[in-house]
$ cat upload.cif   # mmCIF, C-alpha atoms
data_final
loop_
_atom_site.group_PDB
_atom_site.id
_atom_site.type_symbol
_atom_site.label_atom_id
_atom_site.label_comp_id
_atom_site.auth_asym_id
_atom_site.auth_seq_id
_atom_site.Cartn_x
_atom_site.Cartn_y
_atom_site.Cartn_z
ATOM 1 C CA GLY L 1 -46.342 -16.257 -18.990
ATOM 2 C CA ALA L 2 -43.103 -17.252 -20.657
ATOM 3 C CA GLU L 3 -43.006 -16.971 -24.434
ATOM 4 C CA ARG L 4 -41.008 -18.853 -27.027
ATOM 5 C CA VAL L 5 -40.839 -18.736 -30.822
ATOM 6 C CA MET L 6 -40.432 -21.846 -32.985
ATOM 7 C CA SER L 7 -39.277 -21.311 -36.572
ATOM 8 C CA GLY L 8 -39.647 -23.837 -39.386
ATOM 9 C CA PRO L 9 -39.172 -26.053 -41.062
ATOM 10 C CA LEU L 10 -40.076 -28.409 -38.216
ATOM 11 C CA THR L 11 -42.867 -30.396 -36.653
ATOM 12 C CA PHE L 12 -43.377 -30.034 -32.917
ATOM 13 C CA ALA L 13 -45.912 -30.648 -30.199
ATOM 14 C CA PRO L 14 -46.642 -27.723 -27.862
ATOM 15 C CA ALA L 15 -46.068 -28.255 -24.192
ATOM 16 C CA PRO L 16 -49.040 -28.604 -21.843
ATOM 17 C CA LEU L 17 -50.605 -25.224 -21.032
ATOM 18 C CA GLU L 18 -48.988 -23.653 -24.114
ATOM 19 C CA GLU L 19 -51.146 -21.909 -26.625
ATOM 20 C CA SER L 20 -50.588 -20.054 -29.891
ATOM 21 C CA PRO L 21 -53.250 -17.332 -30.261
ATOM 22 C CA ALA L 22 -52.051 -16.260 -33.733
ATOM 23 C CA GLY L 23 -51.344 -19.758 -34.979
ATOM 24 C CA VAL L 24 -48.718 -20.251 -37.625
ATOM 25 C CA GLU L 25 -47.427 -16.917 -38.952
ATOM 26 C CA THR L 26 -45.579 -16.209 -42.174
ATOM 27 C CA CYS L 27 -42.105 -14.742 -41.971
ATOM 28 C CA LEU L 28 -41.482 -11.347 -43.500
ATOM 29 C CA THR L 29 -38.695 -11.024 -46.042
ATOM 30 C CA VAL L 30 -36.151 -8.261 -45.643
ATOM 31 C CA GLY L 31 -34.531 -7.192 -48.925
ATOM 32 C CA ALA L 32 -32.369 -4.405 -50.257
ATOM 33 C CA ALA L 33 -35.319 -2.005 -50.431
ATOM 34 C CA THR L 34 -37.237 -3.097 -47.310
ATOM 35 C CA ALA L 35 -36.761 -3.183 -43.545
ATOM 36 C CA ILE L 36 -38.870 -4.054 -40.513
ATOM 37 C CA VAL L 37 -39.528 -2.042 -37.349
ATOM 38 C CA VAL L 38 -39.867 -4.377 -34.355
ATOM 39 C CA GLU L 39 -41.088 -3.535 -30.825
ATOM 40 C CA ASN L 40 -40.074 -5.366 -27.670
ATOM 41 C CA ILE L 41 -43.279 -5.498 -25.649
ATOM 42 C CA THR L 42 -41.430 -5.945 -22.339
ATOM 43 C CA SER L 43 -39.253 -2.805 -22.724
ATOM 44 C CA GLY L 44 -41.210 -0.825 -25.289
ATOM 45 C CA GLN L 45 -38.018 -0.337 -27.329
ATOM 46 C CA LEU L 46 -38.077 -0.257 -31.122
ATOM 47 C CA ARG L 47 -35.372 -1.548 -33.431
ATOM 48 C CA LEU L 48 -34.862 -1.566 -37.163
ATOM 49 C CA VAL L 49 -34.100 -4.892 -38.842
ATOM 50 C CA THR L 50 -32.146 -4.553 -42.090
ATOM 51 C CA ALA L 51 -30.428 -7.986 -42.321
ATOM 52 C CA HIS L 52 -31.453 -9.557 -45.627
ATOM 53 C CA GLY L 53 -33.474 -12.761 -45.555
ATOM 54 C CA HIS L 54 -36.480 -14.167 -43.712
ATOM 55 C CA PHE L 55 -37.093 -12.458 -40.378
ATOM 56 C CA VAL L 56 -38.261 -14.413 -37.341
ATOM 57 C CA PRO L 57 -39.026 -12.235 -34.302
ATOM 58 C CA ALA L 58 -37.534 -13.122 -30.936
ATOM 59 C CA PRO L 59 -39.777 -13.851 -27.948
ATOM 60 C CA TYR L 60 -41.719 -10.771 -26.780
ATOM 61 C CA GLU L 61 -41.098 -8.997 -30.077
ATOM 62 C CA ARG L 62 -43.866 -7.769 -32.350
ATOM 63 C CA VAL L 63 -43.584 -6.440 -35.902
ATOM 64 C CA VAL L 64 -44.791 -2.831 -35.930
ATOM 65 C CA LEU L 65 -44.460 -2.024 -39.608
ATOM 66 C CA GLU L 66 -42.580 -2.803 -42.773
ATOM 67 C CA ARG L 67 -40.560 0.070 -44.178
ATOM 68 C CA HIS L 68 -39.447 0.749 -47.732
ATOM 69 C CA GLY L 69 -36.156 2.415 -48.591
ATOM 70 C CA GLN L 70 -36.098 6.078 -49.511
ATOM 71 C CA LEU L 71 -34.467 6.860 -52.839
ATOM 72 C CA VAL L 72 -32.471 10.099 -52.926
ATOM 73 C CA GLU L 73 -31.279 11.255 -56.345
ATOM 74 C CA ALA L 74 -27.778 12.564 -57.060
ATOM 75 C CA HIS L 75 -28.910 16.213 -56.850
ATOM 76 C CA GLU L 76 -30.886 15.723 -53.601
ATOM 77 C CA TYR L 77 -30.419 15.010 -49.920
ATOM 78 C CA GLY L 78 -32.845 13.759 -47.302
ATOM 79 C CA ILE L 79 -33.590 15.611 -44.046
ATOM 80 C CA ILE L 80 -34.301 13.135 -41.221
ATOM 81 C CA LYS L 81 -35.381 13.931 -37.660
ATOM 82 C CA ASP L 82 -34.873 11.681 -34.636
ATOM 83 C CA ARG L 83 -38.090 11.720 -32.598
ATOM 84 C CA LEU L 84 -36.266 10.857 -29.338
ATOM 85 C CA SER L 85 -33.496 13.465 -29.392
ATOM 86 C CA GLY L 86 -34.926 15.970 -31.842
ATOM 87 C CA GLN L 87 -31.627 15.916 -33.766
ATOM 88 C CA LEU L 88 -31.546 16.332 -37.529
ATOM 89 C CA ARG L 89 -29.284 14.575 -39.987
ATOM 90 C CA HIS L 90 -28.791 14.776 -43.726
ATOM 91 C CA GLU L 91 -28.411 11.848 -46.111
ATOM 92 C CA PRO L 92 -26.832 12.921 -49.419
ATOM 93 C CA GLY L 93 -27.750 11.216 -52.679
ATOM 94 C CA PRO L 94 -27.471 9.190 -54.760
ATOM 95 C CA GLN L 95 -28.428 6.349 -52.450
ATOM 96 C CA LEU L 96 -31.274 4.198 -51.139
ATOM 97 C CA PHE L 97 -31.367 4.569 -47.352
ATOM 98 C CA MET L 98 -33.530 3.354 -44.503
ATOM 99 C CA VAL L 99 -35.095 5.655 -41.942
ATOM 100 C CA GLY L 100 -34.327 4.495 -38.387
ATOM 101 C CA ALA L 101 -36.856 3.069 -35.947
ATOM 102 C CA TYR L 102 -37.386 6.434 -34.230
ATOM 103 C CA GLU L 103 -36.704 8.598 -37.259
ATOM 104 C CA THR L 104 -38.950 10.476 -39.662
ATOM 105 C CA LEU L 105 -38.097 11.692 -43.150
ATOM 106 C CA LEU L 106 -39.145 15.344 -43.091
ATOM 107 C CA ARG L 107 -38.484 16.116 -46.756
ATOM 108 C CA LYS L 108 -36.052 15.917 -49.613
ATOM 109 C CA ALA L 109 -34.157 19.038 -50.619
ATOM 110 C CA ALA L 110 -32.033 19.946 -53.620
ATOM 111 C CA LYS L 111 -28.280 20.217 -53.145
ATOM 112 C CA ILE L 112 -26.859 23.722 -53.478
ATOM 113 C CA VAL L 113 -24.990 24.211 -56.746
ATOM 114 C CA ILE L 114 -21.936 26.419 -56.231
ATOM 115 C CA GLU L 115 -20.268 27.230 -59.524
ATOM 116 C CA ARG L 116 -16.651 28.095 -60.223
ATOM 117 C CA GLY L 117 -15.980 31.643 -59.084
ATOM 118 C CA GLU L 118 -18.615 31.423 -56.344
ATOM 119 C CA TYR L 119 -18.534 30.611 -52.651
ATOM 120 C CA MET L 120 -20.898 30.263 -49.698
ATOM 121 C CA ARG L 121 -20.440 31.288 -46.075
ATOM 122 C CA LEU L 122 -22.048 28.819 -43.623
ATOM 123 C CA LEU L 123 -22.605 29.506 -39.916
ATOM 124 C CA ASP L 124 -23.204 26.736 -37.376
ATOM 125 C CA ARG L 125 -26.067 27.821 -35.100
ATOM 126 C CA ASN L 126 -24.955 25.543 -32.249
ATOM 127 C CA THR L 127 -21.250 26.364 -32.071
ATOM 128 C CA GLY L 128 -21.036 29.706 -33.867
ATOM 129 C CA THR L 129 -18.230 28.418 -36.099
ATOM 130 C CA GLU L 130 -18.035 29.555 -39.696
ATOM 131 C CA ARG L 131 -16.744 27.865 -42.811
ATOM 132 C CA ILE L 132 -16.340 28.805 -46.461
ATOM 133 C CA VAL L 133 -17.215 26.403 -49.281
ATOM 134 C CA ALA L 134 -15.840 27.341 -52.705
ATOM 135 C CA GLY L 135 -17.137 26.037 -56.022
ATOM 136 C CA PRO L 136 -17.450 24.110 -58.176
ATOM 137 C CA VAL L 137 -19.290 21.753 -55.812
ATOM 138 C CA LEU L 138 -22.703 20.285 -55.006
ATOM 139 C CA LEU L 139 -23.105 21.274 -51.357
ATOM 140 C CA VAL L 140 -25.065 19.453 -48.659
ATOM 141 C CA PRO L 141 -25.083 21.774 -45.626
ATOM 142 C CA ARG L 142 -24.869 20.352 -42.130
ATOM 143 C CA PRO L 143 -28.189 20.186 -40.272
ATOM 144 C CA THR L 144 -27.226 23.037 -37.903
ATOM 145 C CA GLU L 145 -25.804 25.346 -40.563
ATOM 146 C CA GLU L 146 -27.465 28.412 -42.052
ATOM 147 C CA HIS L 147 -26.396 30.681 -44.887
ATOM 148 C CA LYS L 148 -27.336 33.873 -46.704
ATOM 149 C CA GLY L 149 -26.877 32.595 -50.221
ATOM 150 C CA LYS L 150 -24.022 32.391 -52.679
ATOM 151 C CA GLU L 151 -21.458 35.139 -53.181
ATOM 152 C CA LYS L 152 -19.247 35.953 -56.141
ATOM 153 C CA ALA L 153 -15.483 35.708 -55.860
ATOM 154 C CA VAL L 154 -13.621 38.987 -56.291
ATOM 155 C CA PHE L 155 -11.597 38.909 -59.508
ATOM 156 C CA LEU L 156 -8.359 40.838 -58.995
ATOM 157 C CA THR L 157 -6.217 42.283 -61.776
ATOM 158 C CA SER L 158 -2.850 44.028 -61.741
ATOM 159 C CA GLU L 159 -4.759 47.264 -61.096
ATOM 160 C CA THR L 160 -7.126 46.122 -58.322
ATOM 161 C CA ALA L 161 -6.747 44.771 -54.793
ATOM 162 C CA VAL L 162 -9.120 43.782 -52.014
ATOM 163 C CA LEU L 163 -9.083 44.987 -48.403
ATOM 164 C CA LEU L 164 -10.145 42.343 -45.857
ATOM 165 C CA LEU L 165 -11.224 42.487 -42.224
ATOM 166 C CA ASN L 166 -10.717 39.488 -39.926
ATOM 167 C CA ARG L 167 -13.612 39.614 -37.463
ATOM 168 C CA THR L 168 -11.862 37.453 -34.859
ATOM 169 C CA SER L 169 -8.689 39.565 -34.598
ATOM 170 C CA GLY L 170 -9.918 42.886 -35.978
ATOM 171 C CA GLN L 171 -6.902 43.027 -38.287
ATOM 172 C CA GLN L 172 -7.016 44.179 -41.901
ATOM 173 C CA ARG L 173 -4.942 42.876 -44.783
ATOM 174 C CA LEU L 174 -4.577 43.767 -48.436
ATOM 175 C CA ILE L 175 -4.604 41.100 -51.162
ATOM 176 C CA THR L 176 -2.977 42.073 -54.466
ATOM 177 C CA THR L 177 -2.421 38.690 -56.163
ATOM 178 C CA PRO L 178 -4.205 38.709 -59.550
ATOM 179 C CA GLY L 179 -6.938 36.131 -60.082
ATOM 180 C CA PRO L 180 -10.212 35.126 -58.417
ATOM 181 C CA PHE L 181 -10.107 35.680 -54.654
ATOM 182 C CA ILE L 182 -12.299 33.931 -52.076
ATOM 183 C CA PRO L 183 -12.026 35.034 -48.428
ATOM 184 C CA SER L 184 -11.354 32.616 -45.593
ATOM 185 C CA ALA L 185 -13.716 31.970 -42.689
ATOM 186 C CA TYR L 186 -14.336 35.056 -40.510
ATOM 187 C CA GLU L 187 -12.907 37.327 -43.220
ATOM 188 C CA HIS L 188 -15.078 39.961 -44.896
ATOM 189 C CA VAL L 189 -14.368 42.150 -47.904
ATOM 190 C CA LEU L 190 -14.358 45.810 -46.885
ATOM 191 C CA GLU L 191 -13.657 47.278 -50.315
ATOM 192 C CA VAL L 192 -12.001 46.718 -53.663
ATOM 193 C CA ARG L 193 -9.180 49.227 -54.140
ATOM 194 C CA SER L 194 -7.627 50.472 -57.360
ATOM 195 C CA ARG L 195 -3.905 51.064 -57.743
ATOM 196 C CA ILE L 196 -3.155 54.776 -57.345
ATOM 197 C CA ARG L 197 -1.070 56.247 -60.153
ATOM 198 C CA VAL L 198 0.910 59.455 -59.679
ATOM 199 C CA LEU L 199 1.979 61.085 -62.960
ATOM 200 C CA PRO L 200 5.315 62.911 -63.356
ATOM 201 C CA HIS L 201 3.644 66.290 -62.696
ATOM 202 C CA GLN L 202 1.680 65.106 -59.642
ATOM 203 C CA ALA L 203 2.174 64.358 -55.942
ATOM 204 C CA ALA L 204 0.066 62.553 -53.348
ATOM 205 C CA LEU L 205 0.068 62.462 -49.556
ATOM 206 C CA VAL L 206 -0.659 59.278 -47.608
ATOM 207 C CA ARG L 207 -1.519 59.306 -43.898
ATOM 208 C CA ASP L 208 -0.753 56.076 -41.995
ATOM 209 C CA SER L 209 -2.326 54.657 -38.826
ATOM 210 C CA ARG L 210 -0.013 56.778 -36.610
ATOM 211 C CA GLY L 211 -0.980 59.986 -38.407
ATOM 212 C CA ASP L 212 2.388 60.401 -40.150
ATOM 213 C CA LEU L 213 2.413 61.778 -43.678
ATOM 214 C CA ALA L 214 4.334 60.220 -46.562
ATOM 215 C CA LEU L 215 4.860 61.968 -49.890
ATOM 216 C CA ARG L 216 4.458 60.047 -53.135
ATOM 217 C CA SER L 217 5.819 62.152 -55.992
ATOM 218 C CA GLY L 218 6.219 61.516 -59.697
ATOM 219 C CA ASP L 219 9.399 63.639 -59.995
ATOM 220 C CA SER L 220 11.406 60.738 -61.402
ATOM 221 C CA GLY L 221 8.590 59.270 -63.491
ATOM 222 C CA SER L 222 5.143 57.835 -63.009
ATOM 223 C CA VAL L 223 4.611 56.080 -59.665
ATOM 224 C CA ALA L 224 1.939 53.455 -58.885
ATOM 225 C CA PHE L 225 1.230 52.226 -55.360
ATOM 226 C CA TRP L 226 -1.364 50.451 -53.235
ATOM 227 C CA LEU L 227 -3.026 52.184 -50.323
ATOM 228 C CA GLU L 228 -2.062 49.936 -47.409
ATOM 229 C CA PRO L 229 -4.463 48.898 -44.608
ATOM 230 C CA TYR L 230 -5.169 51.669 -42.080
ATOM 231 C CA SER L 231 -3.771 54.271 -44.516
ATOM 232 C CA THR L 232 -5.746 57.033 -46.218
ATOM 233 C CA LEU L 233 -5.136 59.307 -49.151
ATOM 234 C CA VAL L 234 -5.147 62.922 -47.907
ATOM 235 C CA ASP L 235 -7.937 64.963 -49.490
ATOM 236 C CA MET L 236 -7.923 68.769 -49.494
ATOM 237 C CA LEU L 237 -10.532 71.386 -50.400
ATOM 238 C CA TRP L 238 -9.078 74.052 -52.659
ATOM 239 C CA SER L 239 -10.758 77.248 -53.791
ATOM 240 C CA ASP L 240 -11.397 77.373 -57.518
ATOM 241 C CA TYR L 241 -10.390 80.677 -59.169
ATOM 242 C CA SER L 242 -10.272 79.294 -62.711
ATOM 243 C CA ALA L 243 -12.975 81.714 -63.944
ATOM 244 C CA ALA L 244 -12.235 85.454 -64.203
ATOM 245 C CA SER L 245 -15.579 86.613 -62.831
ATOM 246 C CA ILE L 246 -15.514 84.655 -59.567
ATOM 247 C CA ARG L 247 -17.327 86.261 -56.648
ATOM 248 C CA GLU L 248 -17.311 85.261 -53.011
ATOM 249 C CA PRO L 249 -18.037 82.671 -51.730
ATOM 250 C CA VAL L 250 -15.552 80.968 -54.046
ATOM 251 C CA PRO L 251 -16.519 77.409 -55.105
ATOM 252 C CA LYS L 252 -14.262 74.631 -53.817
ATOM 253 C CA HIS L 253 -13.176 71.327 -55.288
ATOM 254 C CA ARG L 254 -11.595 68.248 -53.706
ATOM 255 C CA VAL L 255 -7.935 67.562 -54.468
ATOM 256 C CA SER L 256 -6.133 64.298 -53.717
ATOM 257 C CA LEU L 257 -3.496 64.369 -56.477
ATOM 258 C CA ILE L 258 -1.654 67.684 -56.344
ATOM 259 C CA ASP L 259 -0.690 69.205 -59.703
ATOM 260 C CA LEU L 260 2.920 70.473 -59.522
ATOM 261 C CA ARG L 261 2.778 72.322 -62.830
ATOM 262 C CA VAL L 262 2.486 76.093 -63.099
ATOM 263 C CA GLN L 263 -1.103 77.194 -62.503
ATOM 264 C CA LYS L 264 -2.778 80.513 -63.175
ATOM 265 C CA ILE L 265 -5.469 82.591 -61.490
ATOM 266 C CA LEU L 266 -7.481 85.179 -63.412
ATOM 267 C CA PHE L 267 -8.635 88.148 -61.381
ATOM 268 C CA THR L 268 -10.754 91.260 -61.914
ATOM 269 C CA ARG L 269 -10.921 94.110 -59.384
ATOM 270 C CA ASP L 270 -12.854 97.380 -59.370
ATOM 271 C CA MET L 271 -11.039 100.238 -57.609
ATOM 272 C CA ARG L 272 -10.715 104.046 -57.523
ATOM 273 C CA THR L 273 -7.729 106.276 -57.891
ATOM 274 C CA SER L 274 -6.796 109.002 -55.426
ATOM 275 C CA ASP L 275 -8.782 111.511 -57.485
ATOM 276 C CA ASN L 276 -11.848 109.209 -57.379
ATOM 277 C CA VAL L 277 -11.611 107.815 -60.900
ATOM 278 C CA LYS L 278 -13.158 104.343 -61.134
ATOM 279 C CA LEU L 279 -10.913 101.676 -62.663
ATOM 280 C CA ARG L 280 -11.305 97.984 -63.438
ATOM 281 C CA LEU L 281 -8.063 96.060 -63.049
ATOM 282 C CA GLU L 282 -7.703 92.671 -64.735
ATOM 283 C CA GLY L 283 -4.691 90.370 -64.471
ATOM 284 C CA THR L 284 -3.267 86.875 -64.220
ATOM 285 C CA VAL L 285 -1.329 85.358 -61.330
ATOM 286 C CA PHE L 286 0.939 82.398 -62.115
ATOM 287 C CA TRP L 287 1.769 80.049 -59.242
ATOM 288 C CA LYS L 288 2.980 76.513 -58.493
ATOM 289 C CA VAL L 289 3.513 74.209 -55.507
ATOM 290 C CA SER L 290 7.220 73.757 -54.879
ATOM 291 C CA ASP L 291 7.168 72.068 -51.436
ATOM 292 C CA VAL L 292 4.112 69.868 -50.801
ATOM 293 C CA LEU L 293 4.967 68.905 -47.204
ATOM 294 C CA LEU L 294 5.664 72.496 -46.216
ATOM 295 C CA MET L 295 2.387 73.604 -47.733
ATOM 296 C CA VAL L 296 0.401 70.908 -45.945
ATOM 297 C CA ASN L 297 2.115 71.359 -42.569
ATOM 298 C CA SER L 298 1.509 75.116 -42.784
ATOM 299 C CA THR L 299 -2.165 74.875 -43.632
ATOM 300 C CA PHE L 300 -3.484 71.778 -41.793
#
$ encode --input "upload.cif" --output "structure tokens"
Amino acid sequence: GAERVMSGPLTFAPAPLEESPAGVETCLTVGAATAIVVENITSGQLRLVTAHGHFVPAPYERVVLERHGQLVEAHEYGIIKDRLSGQLRHEPGPQLFMVGAYETLLRKAAKIVIERGEYMRLLDRNTGTERIVAGPVLLVPRPTEEHKGKEKAVFLTSETAVLLLNRTSGQQRLITTPGPFIPSAYEHVLEVRSRIRVLPHQAALVRDSRGDLALRSGDSGSVAFWLEPYSTLVDMLWSDYSAASIREPVPKHRVSLIDLRVQKILFTRDMRTSDNVKLRLEGTVFWKVSDVLLMVNSTF
């Protein structure tokens, strides 16, 4: 039952009891765009032959099929699946590649175009790791990565900043450097903040993460500041007596920048004298805030 293969050019006489059921066979030629899948009939294993030239099978080998190279253009990539392990791999173009003996080309897909000022967040389903790819680039994602589409970079000016949250540490940080900003892996944009300006006649209160209050006043000129992470601008609800004919309940408005200038309240009151004469009293009350911290500590 032993088998041997004789390749030409030669002339030979077979040994006694030897036979050649297929007779003389023609060699297959392996070129740049072709390959051959060969099966070993004793082990059942397949192998891919890509060496250029005439191919002569070894004993116990049979040619299963001849394969042609797959052309992937510059804007494409091929998605290949290994039938033994189930693993996927990507072959980026431009190239002419051969599919392995146990592999199948599932499809060709277009590369993802990420332009300047854009980025994409990719999550590996197997490991849970995340990476950020910023443009301009033609992206070929890894086989185990998924994404939710492209995102625009945040363009910061001298008047805007971005507040970030790091999901691994839970820490926040504020970025104020002007220009396009792209977050790092595991960082998410919570909000875009504007610089707060306090005019010479205004004051603002900022509460930090410990609950302490800090006064920002424009006494010595206009002041501009960023609201730091974990800090909030104190908002208050003030009654609005700007109209003379106000009746209860008095409307309220939200105040975050306190006006330190002299204000006025118009009032109208109906009353009676001691001899029961009805009078209507109208007047104006002028007032101003002289100590913001004292006012807040006395009312909060």
$ residues_around --input "upload.cif" --residues "His54 (chain L)" --least-positions-apart "6" --cutoff "12 Å" --atoms "all atoms listed in the file" --output "PyMOL selection string"
chain L and resi 7-8+26-31+34-36
$ residues_around --input "upload.cif" --residues "Phe155 (chain L)" --least-positions-apart "3" --cutoff "12 Å" --atoms "all atoms listed in the file" --output "list in words"
Arg116, Gly117, Glu118, Lys152, Ser158, Glu159, Thr160, Ala161, Val162, Ile175, Thr176, Thr177, Pro178, Gly179, Pro180, Phe181, Ile182, Pro183, Val192 and Arg193 of chain L
$ write_last_selection --input "upload.cif" --atoms "C-alpha atoms" --output "PDB file, in the frame of the given file"
ATOM      1  CA  ARG L 116     -16.651  28.095 -60.223  1.00  0.00           C
ATOM      2  CA  GLY L 117     -15.980  31.643 -59.084  1.00  0.00           C
ATOM      3  CA  GLU L 118     -18.615  31.423 -56.344  1.00  0.00           C
ATOM      4  CA  LYS L 152     -19.247  35.953 -56.141  1.00  0.00           C
ATOM      5  CA  SER L 158      -2.850  44.028 -61.741  1.00  0.00           C
ATOM      6  CA  GLU L 159      -4.759  47.264 -61.096  1.00  0.00           C
ATOM      7  CA  THR L 160      -7.126  46.122 -58.322  1.00  0.00           C
ATOM      8  CA  ALA L 161      -6.747  44.771 -54.793  1.00  0.00           C
ATOM      9  CA  VAL L 162      -9.120  43.782 -52.014  1.00  0.00           C
ATOM     10  CA  ILE L 175      -4.604  41.100 -51.162  1.00  0.00           C
ATOM     11  CA  THR L 176      -2.977  42.073 -54.466  1.00  0.00           C
ATOM     12  CA  THR L 177      -2.421  38.690 -56.163  1.00  0.00           C
ATOM     13  CA  PRO L 178      -4.205  38.709 -59.550  1.00  0.00           C
ATOM     14  CA  GLY L 179      -6.938  36.131 -60.082  1.00  0.00           C
ATOM     15  CA  PRO L 180     -10.212  35.126 -58.417  1.00  0.00           C
ATOM     16  CA  PHE L 181     -10.107  35.680 -54.654  1.00  0.00           C
ATOM     17  CA  ILE L 182     -12.299  33.931 -52.076  1.00  0.00           C
ATOM     18  CA  PRO L 183     -12.026  35.034 -48.428  1.00  0.00           C
ATOM     19  CA  VAL L 192     -12.001  46.718 -53.663  1.00  0.00           C
ATOM     20  CA  ARG L 193      -9.180  49.227 -54.140  1.00  0.00           C
TER      21      ARG L 193
END
$ atom_distance --input "upload.cif" --atom1 "CA of Tyr77 (chain L)" --atom2 "CA of His147 (chain L)"
16.9 Å
$ atom_distance --input "upload.cif" --atom1 "CA of Leu164 (chain L)" --atom2 "CA of Pro141 (chain L)"
25.4 Å
$ resolve_selection --input "upload.cif" --expression "the PyMOL selection byres ((chain L and resi 76) around 8)" --output "ChimeraX atom specification"
/L:72-75,77-78,92-94,108-111
$ residues_around --input "upload.cif" --residues "Ile80 (chain L)" --least-positions-apart "2" --cutoff "7 Å" --atoms "all atoms listed in the file" --output "JSON, numbers by chain"
{"L": [78, 82, 88, 89, 90, 103, 104, 105, 106]}
$ residues_around --input "upload.cif" --residues "Val285 (chain L)" --least-positions-apart "6" --cutoff "8 Å" --atoms "only C-alpha atoms" --output "PyMOL selection string"
chain L and resi 264-267
$ write_last_selection --input "upload.cif" --atoms "C-alpha atoms" --output "CSV table (one decimal), keeping the file's coordinate frame"
chain,number,residue,atom,x,y,z
L,264,LYS,CA,-2.8,80.5,-63.2
L,265,ILE,CA,-5.5,82.6,-61.5
L,266,LEU,CA,-7.5,85.2,-63.4
L,267,PHE,CA,-8.6,88.1,-61.4
$ atom_distance --input "upload.cif" --atom1 "CA of Val38 (chain L)" --atom2 "CA of Glu66 (chain L)"
9.0 Å
$ closest_residue --input "upload.cif" --among "L:Val37, L:Glu191, L:Gln45, L:Pro143" --to "Lys81 (chain L)" --atoms "all atoms listed in the file"
L:Pro143
$ resolve_selection --input "upload.cif" --expression "the PyMOL selection byres ((chain L and resi 284) around 12)" --output "number ranges by chain"
L: 241-244, 263-269, 281-283, 285-287
$ residues_around --input "upload.cif" --residues "Asp240 (chain L)" --least-positions-apart "5" --cutoff "7 Å" --atoms "all atoms listed in the file" --output "PyMOL selection string"
chain L and resi 250-253
$ write_last_selection --input "upload.cif" --atoms "C-alpha atoms" --output "short mmCIF file (atom, residue, chain, number, x, y, z; two decimals), in the frame of the given file"
data_model
loop_
_atom_site.label_atom_id
_atom_site.label_comp_id
_atom_site.auth_asym_id
_atom_site.auth_seq_id
_atom_site.Cartn_x
_atom_site.Cartn_y
_atom_site.Cartn_z
CA VAL L 250 -15.55 80.97 -54.05
CA PRO L 251 -16.52 77.41 -55.10
CA LYS L 252 -14.26 74.63 -53.82
CA HIS L 253 -13.18 71.33 -55.29
#
$ resolve_selection --input "upload.cif" --expression "the PyMOL selection byres ((chain L and resi 201) around 7)" --output "MDAnalysis selection string"
chainID L and resid 199:200 202 218:219 259:261
$ closest_residue --input "upload.cif" --among "L:Val64, L:Val189, L:Ala214, L:Met120" --to "Leu165 (chain L)" --atoms "only C-alpha atoms"
L:Val189
$ closest_residue --input "upload.cif" --among "L:Gly69, L:Pro59, L:Gly23, L:Gly100" --to "Arg47 (chain L)" --atoms "only C-alpha atoms"
L:Gly100
$ closest_residue --input "upload.cif" --among "L:Val5, L:Met271, L:Leu279, L:Leu205" --to "Met295 (chain L)" --atoms "all atoms listed in the file"
L:Leu205
$ closest_residue --input "upload.cif" --among "L:Val292, L:Ala153, L:Leu163, L:Ala204" --to "Asp235 (chain L)" --atoms "all atoms listed in the file"
L:Ala204
$ closest_residue --input "upload.cif" --among "L:Ser222, L:Asn297, L:Ser20, L:Ser184" --to "Arg121 (chain L)" --atoms "only C-alpha atoms"
L:Ser184
$ build_atoms --input "upload.cif" --residues "region 221-230 of chain L" --atoms "N, CA and C atoms" --output "short mmCIF file (atom, residue, chain, number, x, y, z; two decimals), in the frame of the given file"
data_model
loop_
_atom_site.label_atom_id
_atom_site.label_comp_id
_atom_site.auth_asym_id
_atom_site.auth_seq_id
_atom_site.Cartn_x
_atom_site.Cartn_y
_atom_site.Cartn_z
N GLY L 221 9.41 60.10 -62.61
CA GLY L 221 8.59 59.27 -63.49
C GLY L 221 7.31 58.85 -62.80
N SER L 222 6.43 58.25 -63.57
CA SER L 222 5.14 57.84 -63.01
C SER L 222 5.35 56.82 -61.88
N VAL L 223 4.54 56.96 -60.83
CA VAL L 223 4.61 56.08 -59.66
C VAL L 223 3.23 55.46 -59.47
N ALA L 224 3.20 54.16 -59.19
CA ALA L 224 1.94 53.46 -58.88
C ALA L 224 2.11 52.74 -57.56
N PHE L 225 1.13 52.85 -56.67
CA PHE L 225 1.23 52.23 -55.36
C PHE L 225 -0.15 51.82 -54.87
N TRP L 226 -0.13 50.89 -53.90
CA TRP L 226 -1.36 50.45 -53.24
C TRP L 226 -1.52 51.23 -51.93
N LEU L 227 -2.73 51.59 -51.61
CA LEU L 227 -3.03 52.18 -50.32
C LEU L 227 -3.12 51.07 -49.29
N GLU L 228 -2.15 51.03 -48.37
CA GLU L 228 -2.06 49.94 -47.41
C GLU L 228 -3.19 50.00 -46.38
N PRO L 229 -3.45 48.87 -45.66
CA PRO L 229 -4.46 48.90 -44.61
C PRO L 229 -4.17 49.99 -43.58
N TYR L 230 -5.22 50.60 -43.09
CA TYR L 230 -5.17 51.67 -42.08
C TYR L 230 -4.57 52.97 -42.62
#
